[in-house]
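Pasting target39.txt here (compact mmCIF, C-alpha atoms and all ligand atoms):
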# COMPACT_ATOMS: atom_id res chain seq x y z
CA MET P 55 108.52 59.36 -57.50
CA LYS P 56 106.80 58.76 -54.17
CA VAL P 57 103.56 56.99 -55.00
CA PHE P 58 100.78 56.20 -52.53
CA ILE P 59 98.40 53.42 -53.60
CA ALA P 60 94.97 53.42 -51.95
CA GLY P 61 93.70 49.86 -52.30
CA ILE P 62 97.15 48.24 -52.45
CA ASP P 63 95.85 44.72 -51.70
CA GLY P 64 93.45 44.57 -54.68
CA TYR P 65 93.41 43.09 -58.18
CA LEU P 66 95.06 46.24 -59.58
CA GLY P 67 96.70 47.73 -56.49
CA TRP P 68 99.01 44.82 -55.70
CA PRO P 69 100.44 44.43 -59.24
CA LEU P 70 100.76 48.22 -59.45
CA ALA P 71 102.99 48.22 -56.34
CA ILE P 72 105.22 45.58 -57.98
CA TYR P 73 105.22 47.35 -61.37
CA LEU P 74 106.11 50.76 -59.93
CA SER P 75 108.76 49.42 -57.61
CA ALA P 76 110.41 47.68 -60.59
CA ARG P 77 110.51 51.08 -62.32
CA GLY P 78 112.30 52.70 -59.39
CA HIS P 79 109.37 54.46 -57.71
CA GLU P 80 109.02 54.56 -53.93
CA VAL P 81 105.67 52.99 -53.05
CA ALA P 82 103.48 53.00 -49.94
CA GLY P 83 99.83 52.11 -49.58
CA ALA P 84 96.81 51.29 -47.50
CA ASP P 85 94.03 48.74 -47.66
CA LEU P 86 91.35 47.51 -45.28
CA LEU P 87 91.47 44.03 -46.93
CA LEU P 88 87.73 44.26 -47.58
CA ARG P 89 87.88 42.69 -51.05
CA ARG P 90 88.84 39.39 -49.44
CA GLN P 91 85.66 39.59 -47.31
CA TRP P 92 83.25 40.73 -50.06
CA VAL P 93 84.21 37.85 -52.34
CA ALA P 94 83.62 35.37 -49.50
CA GLU P 95 80.29 37.08 -48.74
CA VAL P 96 79.01 36.35 -52.27
CA GLY P 97 80.23 32.73 -52.19
CA GLY P 98 83.37 33.27 -54.29
CA VAL P 99 87.07 32.76 -53.87
CA SER P 100 90.09 33.97 -55.80
CA ALA P 101 90.65 31.32 -58.50
CA LEU P 102 94.39 31.80 -57.99
CA PRO P 103 95.38 31.43 -54.34
CA ILE P 104 96.78 34.70 -53.03
CA ALA P 105 99.23 35.28 -50.21
CA SER P 106 98.25 36.97 -46.94
CA ARG P 107 99.33 40.59 -46.42
CA GLU P 108 102.27 39.41 -44.28
CA GLU P 109 103.42 36.87 -46.90
CA ARG P 110 103.08 39.51 -49.62
CA LEU P 111 105.31 41.91 -47.70
CA PHE P 112 107.91 39.21 -47.16
CA ALA P 113 107.88 38.19 -50.85
CA PHE P 114 108.03 41.84 -51.96
CA LYS P 115 111.14 42.39 -49.82
CA GLU P 116 112.79 39.26 -51.24
CA ALA P 117 111.97 40.22 -54.84
CA THR P 118 112.80 43.94 -54.70
CA GLY P 119 115.01 44.39 -51.66
CA VAL P 120 112.54 47.03 -50.48
CA GLU P 121 110.43 47.10 -47.31
CA LEU P 122 106.92 48.04 -48.48
CA ASP P 123 104.95 50.40 -46.23
CA PHE P 124 101.53 48.71 -46.63
CA ARG P 125 99.23 49.56 -43.75
CA VAL P 126 95.82 48.15 -42.91
CA GLY P 127 93.54 51.14 -42.59
CA ASP P 128 90.16 52.59 -43.49
CA LEU P 129 90.11 55.34 -46.13
CA THR P 130 86.84 56.64 -44.67
CA ASP P 131 88.83 57.41 -41.48
CA TYR P 132 90.15 60.89 -42.27
CA ASP P 133 92.76 60.96 -39.51
CA PHE P 134 94.28 57.75 -40.85
CA VAL P 135 94.51 59.07 -44.43
CA LYS P 136 95.79 62.51 -43.49
CA GLY P 137 98.30 61.10 -40.98
CA PHE P 138 99.70 58.68 -43.57
CA PHE P 139 100.01 61.45 -46.22
CA ARG P 140 101.68 63.77 -43.71
CA GLU P 141 104.28 61.11 -42.94
CA PHE P 142 104.87 59.72 -46.45
CA GLN P 143 104.51 62.99 -48.41
CA PRO P 144 103.30 61.38 -51.66
CA GLU P 145 103.95 63.08 -54.99
CA VAL P 146 101.29 60.89 -56.56
CA VAL P 147 98.21 59.27 -55.03
CA VAL P 148 96.63 56.46 -57.06
CA HIS P 149 93.14 55.85 -55.73
CA LEU P 150 92.06 52.25 -56.39
CA GLY P 151 90.58 51.68 -52.93
CA GLN P 152 86.86 51.43 -53.61
CA MET P 153 84.08 48.88 -53.84
CA PRO P 154 84.30 48.01 -57.58
CA SER P 155 81.30 45.76 -58.33
CA ALA P 156 78.11 46.81 -60.09
CA PRO P 157 76.09 43.73 -59.01
CA TYR P 158 77.26 43.99 -55.37
CA SER P 159 75.95 47.56 -55.24
CA MET P 160 72.57 46.40 -56.60
CA ILE P 161 71.90 43.68 -53.98
CA ASP P 162 69.66 45.80 -51.74
CA GLN P 163 69.35 49.14 -49.96
CA ALA P 164 72.16 48.37 -47.52
CA HIS P 165 74.67 47.42 -50.24
CA CYS P 166 73.71 50.43 -52.38
CA VAL P 167 74.06 52.92 -49.54
CA TRP P 168 77.23 51.34 -48.21
CA THR P 169 78.84 51.42 -51.67
CA GLN P 170 78.10 55.09 -52.19
CA GLN P 171 79.05 56.08 -48.65
CA ASN P 172 82.33 54.20 -48.79
CA ASN P 173 83.34 55.29 -52.27
CA VAL P 174 82.24 58.92 -52.17
CA ILE P 175 83.49 59.61 -48.64
CA ASN P 176 86.86 57.94 -49.13
CA ASN P 177 87.47 59.93 -52.31
CA LEU P 178 86.55 63.15 -50.49
CA ASN P 179 88.94 62.20 -47.68
CA ILE P 180 91.75 61.65 -50.17
CA LEU P 181 91.05 65.02 -51.83
CA TRP P 182 91.09 66.77 -48.44
CA ALA P 183 94.19 64.89 -47.25
CA ILE P 184 96.03 65.98 -50.40
CA LYS P 185 94.98 69.57 -49.80
CA GLU P 186 95.97 69.56 -46.13
CA ALA P 187 99.00 67.27 -46.07
CA ALA P 188 100.50 66.97 -49.57
CA PRO P 189 99.11 69.86 -51.67
CA ALA P 190 101.37 69.36 -54.69
CA ALA P 191 100.41 65.69 -55.07
CA HIS P 192 98.82 64.46 -58.28
CA LEU P 193 95.65 62.41 -57.73
CA ILE P 194 95.06 59.57 -60.18
CA LYS P 195 91.51 58.53 -59.53
CA LEU P 196 90.22 55.24 -60.90
CA GLY P 197 86.90 55.94 -62.53
CA THR P 198 85.20 53.77 -65.10
CA MET P 199 84.11 53.84 -68.73
CA GLY P 200 80.73 52.84 -67.28
CA GLU P 201 80.24 56.44 -66.10
CA TYR P 202 79.35 57.42 -69.65
CA GLY P 203 76.84 54.62 -70.20
CA THR P 204 76.10 53.74 -73.81
CA PRO P 205 74.95 56.91 -75.61
CA ALA P 206 74.15 56.77 -79.34
CA VAL P 207 77.00 59.19 -80.11
CA ASP P 208 80.81 58.96 -79.88
CA ILE P 209 82.25 59.25 -76.35
CA PRO P 210 85.04 61.83 -75.95
CA GLU P 211 87.59 61.85 -73.13
CA GLY P 212 85.65 63.62 -70.42
CA PHE P 213 84.78 66.85 -72.22
CA PHE P 214 83.15 67.90 -75.49
CA GLU P 215 82.49 71.09 -77.41
CA VAL P 216 78.81 72.05 -77.31
CA GLU P 217 76.96 74.56 -79.45
CA PHE P 218 73.59 75.50 -77.93
CA ARG P 219 71.34 78.38 -79.01
CA GLY P 220 74.14 80.06 -80.84
CA ARG P 221 76.71 79.84 -78.03
CA ASN P 222 79.63 77.43 -77.54
CA ASP P 223 81.32 75.88 -74.53
CA ARG P 224 83.56 72.96 -73.56
CA LEU P 225 81.51 70.95 -71.08
CA PRO P 226 81.76 67.65 -69.20
CA PHE P 227 80.30 64.89 -71.36
CA PRO P 228 77.05 63.56 -69.81
CA ARG P 229 77.40 60.70 -67.38
CA GLN P 230 74.68 58.02 -67.53
CA ALA P 231 75.86 55.27 -65.21
CA GLY P 232 74.30 51.81 -65.18
CA SER P 233 74.53 50.81 -61.49
CA TRP P 234 74.70 52.34 -58.02
CA TYR P 235 78.40 51.52 -58.08
CA HIS P 236 78.96 53.29 -61.41
CA GLN P 237 76.94 56.21 -59.99
CA SER P 238 79.39 56.45 -57.08
CA LYS P 239 82.18 56.96 -59.61
CA VAL P 240 80.19 59.73 -61.31
CA HIS P 241 79.92 61.53 -57.97
CA ASP P 242 83.69 61.11 -57.50
CA SER P 243 84.36 62.61 -60.93
CA HIS P 244 82.29 65.67 -60.08
CA ASN P 245 83.95 66.07 -56.69
CA THR P 246 87.44 65.64 -58.10
CA HIS P 247 86.79 68.15 -60.89
CA PHE P 248 85.45 70.60 -58.31
CA ALA P 249 88.57 70.21 -56.10
CA ALA P 250 90.77 71.00 -59.10
CA LYS P 251 88.72 74.14 -59.76
CA ILE P 252 88.62 75.50 -56.23
CA TRP P 253 91.95 74.35 -54.76
CA GLY P 254 94.13 73.95 -57.80
CA ALA P 255 94.41 70.21 -57.19
CA ARG P 256 96.03 68.29 -60.07
CA ALA P 257 94.00 65.26 -61.07
CA THR P 258 93.75 62.54 -63.68
CA ASP P 259 90.38 60.78 -63.81
CA ILE P 260 90.82 57.38 -65.44
CA MET P 261 87.76 56.06 -67.25
CA GLN P 262 88.95 52.48 -67.30
CA GLY P 263 87.37 49.64 -69.24
CA VAL P 264 87.01 46.06 -68.04
CA VAL P 265 90.38 44.58 -67.03
CA PHE P 266 91.35 40.94 -67.58
CA GLY P 267 94.41 38.81 -66.97
CA THR P 268 96.28 36.96 -64.30
CA ARG P 269 99.78 38.36 -64.41
CA ILE P 270 102.33 40.99 -65.28
CA ALA P 271 105.92 40.23 -66.25
CA GLU P 272 107.31 41.92 -63.10
CA MET P 273 105.74 39.20 -60.89
CA GLY P 274 108.06 36.57 -62.37
CA ASP P 275 107.11 33.06 -61.30
CA ASP P 276 106.82 33.81 -57.58
CA SER P 277 103.30 32.64 -56.68
CA ARG P 278 103.37 34.85 -53.56
CA LEU P 279 103.44 37.93 -55.83
CA ARG P 280 100.34 36.89 -57.76
CA THR P 281 97.23 39.00 -57.81
CA ARG P 282 93.72 37.73 -57.19
CA LEU P 283 91.38 36.55 -59.94
CA ASP P 284 87.66 36.50 -59.18
CA PHE P 285 84.94 34.69 -61.09
CA ASP P 286 81.79 35.10 -58.97
CA GLN P 287 78.82 37.08 -60.32
CA CYS P 288 79.88 40.24 -58.45
CA PHE P 289 83.65 40.55 -58.55
CA GLY P 290 84.45 38.45 -61.62
CA THR P 291 84.49 40.57 -64.78
CA ALA P 292 83.41 39.15 -68.13
CA ILE P 293 86.63 37.71 -69.64
CA ASN P 294 87.97 36.57 -66.30
CA ARG P 295 84.70 34.72 -65.72
CA PHE P 296 84.74 33.23 -69.22
CA CYS P 297 88.25 31.86 -68.69
CA CYS P 298 87.32 30.37 -65.32
CA GLN P 299 84.20 28.83 -66.88
CA ALA P 300 86.26 27.41 -69.75
CA VAL P 301 88.68 25.52 -67.50
CA ILE P 302 85.85 23.67 -65.70
CA GLY P 303 83.80 23.00 -68.85
CA HIS P 304 81.00 25.37 -67.79
CA PRO P 305 79.27 27.19 -70.65
CA LEU P 306 80.48 30.75 -71.18
CA SER P 307 77.68 32.95 -69.86
CA LEU P 308 76.49 35.70 -72.18
CA TYR P 309 73.90 37.91 -70.57
CA GLY P 310 70.89 38.63 -72.81
CA LEU P 311 71.70 39.15 -76.49
CA GLY P 312 75.44 39.25 -75.78
CA LYS P 313 75.83 42.25 -78.07
CA GLN P 314 76.80 44.64 -75.28
CA LYS P 315 80.04 46.42 -76.16
CA ARG P 316 82.65 47.60 -73.69
CA GLY P 317 86.26 48.75 -73.71
CA PHE P 318 88.57 46.00 -72.42
CA LEU P 319 92.26 45.90 -71.53
CA PRO P 320 94.76 43.39 -70.20
CA LEU P 321 96.10 43.82 -66.66
CA ALA P 322 99.57 44.61 -68.06
CA ASP P 323 98.08 47.45 -70.15
CA SER P 324 96.33 48.86 -67.10
CA MET P 325 99.73 48.99 -65.33
CA GLN P 326 101.39 50.58 -68.37
CA CYS P 327 98.68 53.27 -68.59
CA LEU P 328 98.75 54.08 -64.88
CA GLY P 329 102.56 54.30 -65.12
CA LEU P 330 102.25 56.78 -68.00
CA ALA P 331 99.75 58.90 -66.06
CA ILE P 332 102.11 58.92 -63.05
CA GLU P 333 105.18 59.86 -65.07
CA ASN P 334 103.36 62.61 -67.03
CA PRO P 335 101.50 64.67 -64.42
CA PRO P 336 99.02 67.44 -65.22
CA ASP P 337 99.57 71.06 -64.19
CA ALA P 338 98.27 72.41 -60.89
CA GLY P 339 94.53 73.06 -61.20
CA GLU P 340 94.23 70.75 -64.22
CA TYR P 341 91.57 68.04 -64.17
CA ARG P 342 92.08 65.72 -67.14
CA VAL P 343 90.21 62.61 -68.17
CA PHE P 344 91.76 59.56 -69.85
CA ASN P 345 89.65 56.83 -71.44
CA GLN P 346 91.71 53.73 -70.67
CA PHE P 347 91.13 50.58 -72.70
CA GLU P 348 92.86 48.56 -75.42
CA ASN P 349 89.86 48.17 -77.70
CA ALA P 350 86.07 47.93 -77.68
CA TYR P 351 84.61 44.46 -78.18
CA SER P 352 81.19 42.88 -77.93
CA ILE P 353 80.74 40.28 -75.21
CA THR P 354 80.03 37.65 -77.89
CA GLU P 355 83.30 38.45 -79.70
CA LEU P 356 85.17 37.92 -76.45
CA ALA P 357 83.38 34.68 -75.59
CA CYS P 358 84.26 33.40 -79.10
CA LEU P 359 87.88 34.40 -78.56
CA VAL P 360 88.03 32.53 -75.24
CA LYS P 361 86.28 29.51 -76.80
CA GLY P 362 88.81 29.46 -79.66
CA VAL P 363 91.89 29.72 -77.44
CA ALA P 364 90.45 27.10 -75.05
CA ALA P 365 89.90 24.73 -78.00
CA ASP P 366 93.55 25.25 -79.06
CA ILE P 367 94.70 23.88 -75.71
CA GLY P 368 92.22 21.02 -75.69
CA LEU P 369 89.37 22.53 -73.67
CA PRO P 370 86.05 22.20 -75.50
CA VAL P 371 83.49 24.74 -74.27
CA ASP P 372 79.99 25.96 -75.21
CA ILE P 373 78.68 29.52 -75.23
CA LYS P 374 75.18 30.00 -73.81
CA ARG P 375 72.90 32.99 -73.40
CA TYR P 376 71.36 33.55 -69.95
CA ASP P 377 68.45 35.85 -69.21
CA ASN P 378 70.07 39.16 -68.35
CA PRO P 379 70.01 39.96 -64.61
CA ARG P 380 70.95 43.58 -65.40
CA ALA P 381 68.92 46.44 -66.85
CA GLU P 382 71.21 47.53 -69.69
CA MET P 383 71.14 48.07 -73.44
CA GLU P 384 71.99 44.79 -75.13
CA ASP P 385 72.49 46.11 -78.66
CA HIS P 386 73.88 49.62 -79.00
CA TYR P 387 76.33 52.02 -80.63
CA TYR P 388 79.71 52.28 -78.90
CA ASN P 389 82.62 54.38 -80.10
CA PRO P 390 84.70 55.94 -77.31
CA ASP P 391 87.90 57.92 -77.95
CA ARG P 392 91.17 56.82 -76.37
CA GLN P 393 93.79 59.19 -77.75
CA HIS P 394 95.29 60.78 -74.63
CA LEU P 395 97.16 57.70 -73.42
CA LEU P 396 98.33 56.85 -76.95
CA ASP P 397 99.75 60.38 -77.14
CA LEU P 398 101.71 59.67 -73.95
CA GLY P 399 103.16 56.50 -75.50
CA TYR P 400 100.69 53.75 -74.57
CA GLN P 401 101.41 50.65 -76.63
CA PRO P 402 98.33 48.45 -76.50
CA THR P 403 98.83 44.69 -76.31
CA ARG P 404 97.83 43.42 -79.73
CA ASP P 405 98.03 39.72 -79.03
CA ILE P 406 94.97 39.30 -76.81
CA LYS P 407 94.89 35.58 -77.58
CA SER P 408 98.21 34.99 -75.84
CA VAL P 409 96.96 36.85 -72.74
CA ILE P 410 93.90 34.59 -72.71
CA LYS P 411 96.06 31.51 -73.21
CA ALA P 412 98.31 32.46 -70.28
CA MET P 413 95.22 32.97 -68.12
CA LEU P 414 93.76 29.60 -69.07
CA LEU P 415 97.04 27.85 -68.26
CA ASP P 416 97.31 29.60 -64.87
CA LEU P 417 93.71 28.69 -64.10
CA LEU P 418 93.99 25.05 -65.16
CA ASP P 419 96.35 24.43 -62.23
CA ASN P 420 93.59 25.66 -59.90
CA ARG P 421 90.45 24.31 -61.55
CA GLU P 422 89.23 22.57 -58.36
CA ARG P 423 89.00 25.95 -56.57
CA ILE P 424 86.61 27.11 -59.29
CA GLU P 425 84.66 23.83 -59.31
CA GLU P 426 84.14 24.05 -55.54
CA HIS P 427 82.63 27.54 -55.92
CA ALA P 428 80.88 27.02 -59.27
CA ASP P 429 77.55 28.08 -57.78
CA ALA P 430 78.89 31.64 -57.61
CA LEU P 431 79.14 31.67 -61.44
CA ILE P 432 75.38 31.90 -62.05
CA PRO P 433 74.00 35.42 -61.51
CA ASP P 434 70.93 35.95 -59.36
CA ILE P 435 71.29 39.65 -58.37
CA ARG P 436 68.64 41.57 -60.32
CA TRP P 437 68.81 45.27 -61.09
CA ASP P 438 65.33 45.76 -59.57
CA GLY P 439 66.66 44.67 -56.15
CA GLY P 440 65.23 41.14 -56.32
CA ARG P 441 67.00 37.76 -56.48
CA LYS P 442 66.35 35.16 -59.19
CA ARG P 443 68.86 32.77 -60.74
CA SER P 444 69.34 33.36 -64.45
CA GLU P 445 68.31 30.54 -66.79
CA VAL P 446 69.78 29.51 -70.11
CA ILE P 447 67.75 31.10 -72.91
CA GLY P 448 69.73 30.13 -75.99
N1 LIG S 501 78.49 40.09 -68.89
C1 LIG S 501 78.10 38.92 -69.53
N2 LIG S 501 78.39 37.74 -68.93
C2 LIG S 501 79.04 37.65 -67.74
C3 LIG S 501 79.45 38.84 -67.10
C4 LIG S 501 79.15 40.05 -67.70
O1 LIG S 501 77.52 38.95 -70.63
O2 LIG S 501 79.26 36.53 -67.27
C5 LIG S 501 78.22 41.38 -69.53
C6 LIG S 501 77.45 42.36 -68.67
O3 LIG S 501 76.06 42.21 -68.81
C7 LIG S 501 77.98 43.70 -69.18
C8 LIG S 501 79.40 43.39 -69.64
O4 LIG S 501 79.47 41.97 -69.78
O5 LIG S 501 77.23 44.10 -70.29
C9 LIG S 501 80.48 43.84 -68.70
O6 LIG S 501 80.23 43.28 -67.43
P1 LIG S 501 81.40 43.06 -66.34
O7 LIG S 501 80.81 42.36 -65.18
O8 LIG S 501 82.59 42.45 -66.99
O9 LIG S 501 81.82 44.55 -66.03
P2 LIG S 501 81.07 45.70 -65.26
O10 LIG S 501 79.96 45.25 -64.40
O11 LIG S 501 80.73 46.74 -66.28
O12 LIG S 501 82.18 46.24 -64.28
C10 LIG S 501 83.58 46.01 -64.48
C11 LIG S 501 84.29 46.23 -63.17
C12 LIG S 501 84.11 47.68 -62.75
C13 LIG S 501 84.57 48.59 -63.84
C14 LIG S 501 83.87 48.27 -65.14
C15 LIG S 501 84.40 49.02 -66.33
O13 LIG S 501 83.78 45.36 -62.18
O14 LIG S 501 84.84 47.92 -61.57
O15 LIG S 501 84.28 49.88 -63.46
O16 LIG S 501 84.07 46.87 -65.46
S1 LIG S 501 83.13 49.33 -67.50
O17 LIG S 501 82.46 48.07 -67.83
O18 LIG S 501 83.75 49.92 -68.65
O19 LIG S 501 82.19 50.20 -66.84
How does this structure look as structure tokens?
Ligand code: USQ
Amino acid sequence: MKVFIAGIDGYLGWPLAIYLSARGHEVAGADLLLRRQWVAEVGGVSALPIASREERLFAFKEATGVELDFRVGDLTDYDFVKGFFREFQPEVVVHLGQMPSAPYSMIDQAHCVWTQQNNVINNLNILWAIKEAAPAAHLIKLGTMGEYGTPAVDIPEGFFEVEFRGRNDRLPFPRQAGSWYHQSKVHDSHNTHFAAKIWGARATDIMQGVVFGTRIAEMGDDSRLRTRLDFDQCFGTAINRFCCQAVIGHPLSLYGLGKQKRGFLPLADSMQCLGLAIENPPDAGEYRVFNQFENAYSITELACLVKGVAADIGLPVDIKRYDNPRAEMEDHYYNPDRQHLLDLGYQPTRDIKSVIKAMLLDLLDNRERIEEHADALIPDIRWDGGRKRSEVIG
């Protein structure tokens, strides 16, 4: 199929291009390379060195024999998006091209407004460009499990049956996001659902959990095909941060009680699930929601897992609790469904320990990059808009 990847330079977008090309799909994509700038802005760096766009294109050609159409462009520029769709005529558009960090969106007014403007407008542009230039295309929109928040009831996949005052309906499950960034994804879900209703757009809204991992098999050992791996307080997600902390002997940083539960999945599983969504499109006018994660874990369980695997390879590491810079529930019920992708054939990675071990080994070769930017590991962005470095509390 002809697949357009918005955000093709990112943590997920770049491996997805490699994964899909290996499965015989024709891939094109766009990126404004902003992730590279945001990480530098918050004092971070990719723990694994990544190739420039030009080097990536060269390596991609060598590995696959295919010239990748990867253009630098702004998804908030409608003419750019529509022009590219008109030329490429995608059958599938995978939208990964957004600002993905909760803490970054909480820094101040400017970061909050920019996040919502960028994310909401670029999703609207993609919806309109599909309508005007590639109306049969299937939009796969990356949303987040964080849209649902942490309600005290089970979380269905997007919709639930409600009985109210003697009447019944199937309604969108309430969204209760926990950051301005997660809120931007809620707005996107509403807009995407609306486009399916009024234009007959076909859309899959992926409520993805927290992704971790450094590689997918299709990258082989070519370091130029590697994806980035962030560990700073904004763009590093929990397990990725824990692994980076482990290789430099920094305590693994639990926020607050450490009992927060989330859905997590390895990078390779994220690719597998997106591949399944691509190869099994919805009907015209259908808006479907997939909860995408391998399993739900508490942050403490994951820190213990990383500590155990690190010990197995000779890396002793402590786990410490830091005062929580976020306003979030630290001890809560969490039981989301994830049946739709299993029904399509998703085979979750069961051996999480070996994914963590592979990450630790990749990171060990680059420990000095993490040491040089270790300051970026300690959070200081507060959910009330202030700045204060978190302290160890236990
Ligand atoms: N946490 C720690 N220690 C850390 C980092 C995080 O205890 O060093 C805790 C946080 O307080 C939170 C949980 O771990 O309770 C997850 O935090 P995270 O930074 O790994 O993930 P989050 O901010 O939720 O965002 C990430 C991605 C985002 C995606 C989301 C999926 O950055 O793009 O949408 O995961 S989900 O979490 O399901 O909403």
TODO: Could you check which of P:Arg219, P:Lys251, P:Arg380, P:His304 is closest to ligand LIG 501 (chain S), using only C-alpha atoms and all ligand atoms?
DONE: P:Arg380
Open item on the list: So, with only C-alpha atoms as the atoms that count, which of P:Gly339, P:Pro305, P:Gly440, P:Pro390 lies closest to P:Ala249?
Closed with: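 For P:Ala249, the nearest of the given residues is P:Gly339.
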Task: Top pick for closest residue to P:Ala381, considering P:Gly254, P:Gly232, P:Gly274, P:Gly362 and counting only C-alpha atoms - done: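 Ranked by minimum distance to P:Ala381, first place goes to P:Gly232.
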Open item on the list: I'd like the neighbourhood of P:Val216 as a PyMOL selection string, where a residue qualifies if any of its atoms comes within 12 Å (using only C-alpha atoms), though same-chain residues fewer than 6 positions away should be ignored.
Closed with: chain P and resi 222-228
Open item on the list: If I take atom CA of P:Ala364 and atom CA of P:Ile435, how far is one from the other in Å, to one decimal?
Closed with: 28.3 Å
Please extract the residues at most 6 Å from ligand LIG 501 (chain S), counting all atoms listed in the file, and provide them as a PDB file with C-alpha atoms, keeping the file's coordinate frame, using the chain letters and residue numbers of this document.
ATOM      1  CA  PRO P 154      84.300  48.010 -57.580  1.00  0.00           C
ATOM      2  CA  SER P 155      81.300  45.760 -58.330  1.00  0.00           C
ATOM      3  CA  ALA P 156      78.110  46.810 -60.090  1.00  0.00           C
ATOM      4  CA  THR P 198      85.200  53.770 -65.100  1.00  0.00           C
ATOM      5  CA  MET P 199      84.110  53.840 -68.730  1.00  0.00           C
ATOM      6  CA  GLY P 200      80.730  52.840 -67.280  1.00  0.00           C
ATOM      7  CA  GLN P 262      88.950  52.480 -67.300  1.00  0.00           C
ATOM      8  CA  GLY P 263      87.370  49.640 -69.240  1.00  0.00           C
ATOM      9  CA  VAL P 264      87.010  46.060 -68.040  1.00  0.00           C
ATOM     10  CA  THR P 291      84.490  40.570 -64.780  1.00  0.00           C
ATOM     11  CA  ALA P 292      83.410  39.150 -68.130  1.00  0.00           C
ATOM     12  CA  ARG P 295      84.700  34.720 -65.720  1.00  0.00           C
ATOM     13  CA  SER P 307      77.680  32.950 -69.860  1.00  0.00           C
ATOM     14  CA  LEU P 308      76.490  35.700 -72.180  1.00  0.00           C
ATOM     15  CA  TYR P 309      73.900  37.910 -70.570  1.00  0.00           C
ATOM     16  CA  GLY P 312      75.440  39.250 -75.780  1.00  0.00           C
ATOM     17  CA  GLN P 314      76.800  44.640 -75.280  1.00  0.00           C
ATOM     18  CA  ARG P 316      82.650  47.600 -73.690  1.00  0.00           C
ATOM     19  CA  GLY P 317      86.260  48.750 -73.710  1.00  0.00           C
ATOM     20  CA  ILE P 353      80.740  40.280 -75.210  1.00  0.00           C
TER      21      ILE P 353
END
Listing only residues of stretch 240-348 of chain P within 9 Å of stretch 181-187 of chain P, what is the closest atom pair and its distance in Å (to one decimal) for each, using all atoms listed in the file, sorted by chain and residue number ascending, as CSV?
residue,atom,partner,partner_atom,distance
P:Asn245,CA,P:Leu181,CA,8.7
P:Thr246,CA,P:Leu181,CA,7.3
P:Ala249,CA,P:Leu181,CA,7.2
P:Trp253,CA,P:Lys185,CA,7.5
P:Ala255,CA,P:Lys185,CA,7.4
Could you turn the residues from that selection into a file that holds C-alpha atoms, as a compact mmCIF listing (two decimals), in the frame of the given file?
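Okay, selection.txt is ready:
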# COMPACT_ATOMS: atom_id res chain seq x y z
CA ASN P 245 83.95 66.07 -56.69
CA THR P 246 87.44 65.64 -58.10
CA ALA P 249 88.57 70.21 -56.10
CA TRP P 253 91.95 74.35 -54.76
CA ALA P 255 94.41 70.21 -57.19
Task: Residue nearest P:Gln287 among P:Gly97, P:Gly448, P:Gly329, P:Pro103 (counting all atoms listed in the file) - done: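 The answer is P:Gly97, which sits nearest to P:Gln287.
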Open item on the list: Could you check the closest approach to P:Pro69 for each of P:Ala365, P:Leu431, P:Val446, P:Met325 and tell me which residue wins, using only C-alpha atoms?
Closed with: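 Looking only at the distances to P:Pro69, the closest residue turns out to be P:Met325.
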Can you sort out stretch 55-62 of chain P so it carries N, CA, C and O atoms, written as an mmCIF file, keeping the file's coordinate frame?
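Written out: part.cif:
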data_model
loop_
_atom_site.group_PDB
_atom_site.id
_atom_site.type_symbol
_atom_site.label_atom_id
_atom_site.label_comp_id
_atom_site.auth_asym_id
_atom_site.auth_seq_id
_atom_site.Cartn_x
_atom_site.Cartn_y
_atom_site.Cartn_z
ATOM 1 N N MET P 55 109.479 58.515 -58.206
ATOM 2 C CA MET P 55 108.520 59.360 -57.500
ATOM 3 C C MET P 55 107.967 58.622 -56.287
ATOM 4 O O MET P 55 107.996 57.394 -56.251
ATOM 5 N N LYS P 56 107.428 59.390 -55.340
ATOM 6 C CA LYS P 56 106.800 58.760 -54.170
ATOM 7 C C LYS P 56 105.322 58.566 -54.466
ATOM 8 O O LYS P 56 104.587 59.549 -54.616
ATOM 9 N N VAL P 57 104.919 57.306 -54.562
ATOM 10 C CA VAL P 57 103.560 56.990 -55.000
ATOM 11 C C VAL P 57 102.799 56.279 -53.883
ATOM 12 O O VAL P 57 103.257 55.236 -53.381
ATOM 13 N N PHE P 58 101.655 56.830 -53.525
ATOM 14 C CA PHE P 58 100.780 56.200 -52.530
ATOM 15 C C PHE P 58 99.663 55.476 -53.275
ATOM 16 O O PHE P 58 98.996 56.075 -54.129
ATOM 17 N N ILE P 59 99.466 54.189 -52.951
ATOM 18 C CA ILE P 59 98.400 53.420 -53.600
ATOM 19 C C ILE P 59 97.303 53.134 -52.583
ATOM 20 O O ILE P 59 97.514 52.391 -51.612
ATOM 21 N N ALA P 60 96.136 53.733 -52.786
ATOM 22 C CA ALA P 60 94.970 53.420 -51.950
ATOM 23 C C ALA P 60 94.320 52.184 -52.560
ATOM 24 O O ALA P 60 93.970 52.185 -53.742
ATOM 25 N N GLY P 61 94.210 51.124 -51.762
ATOM 26 C CA GLY P 61 93.700 49.860 -52.300
ATOM 27 C C GLY P 61 94.839 48.982 -52.789
ATOM 28 O O GLY P 61 94.745 48.341 -53.834
ATOM 29 N N ILE P 62 95.916 48.922 -51.997
ATOM 30 C CA ILE P 62 97.150 48.240 -52.450
ATOM 31 C C ILE P 62 97.050 46.712 -52.403
ATOM 32 O O ILE P 62 97.897 46.018 -52.962
#
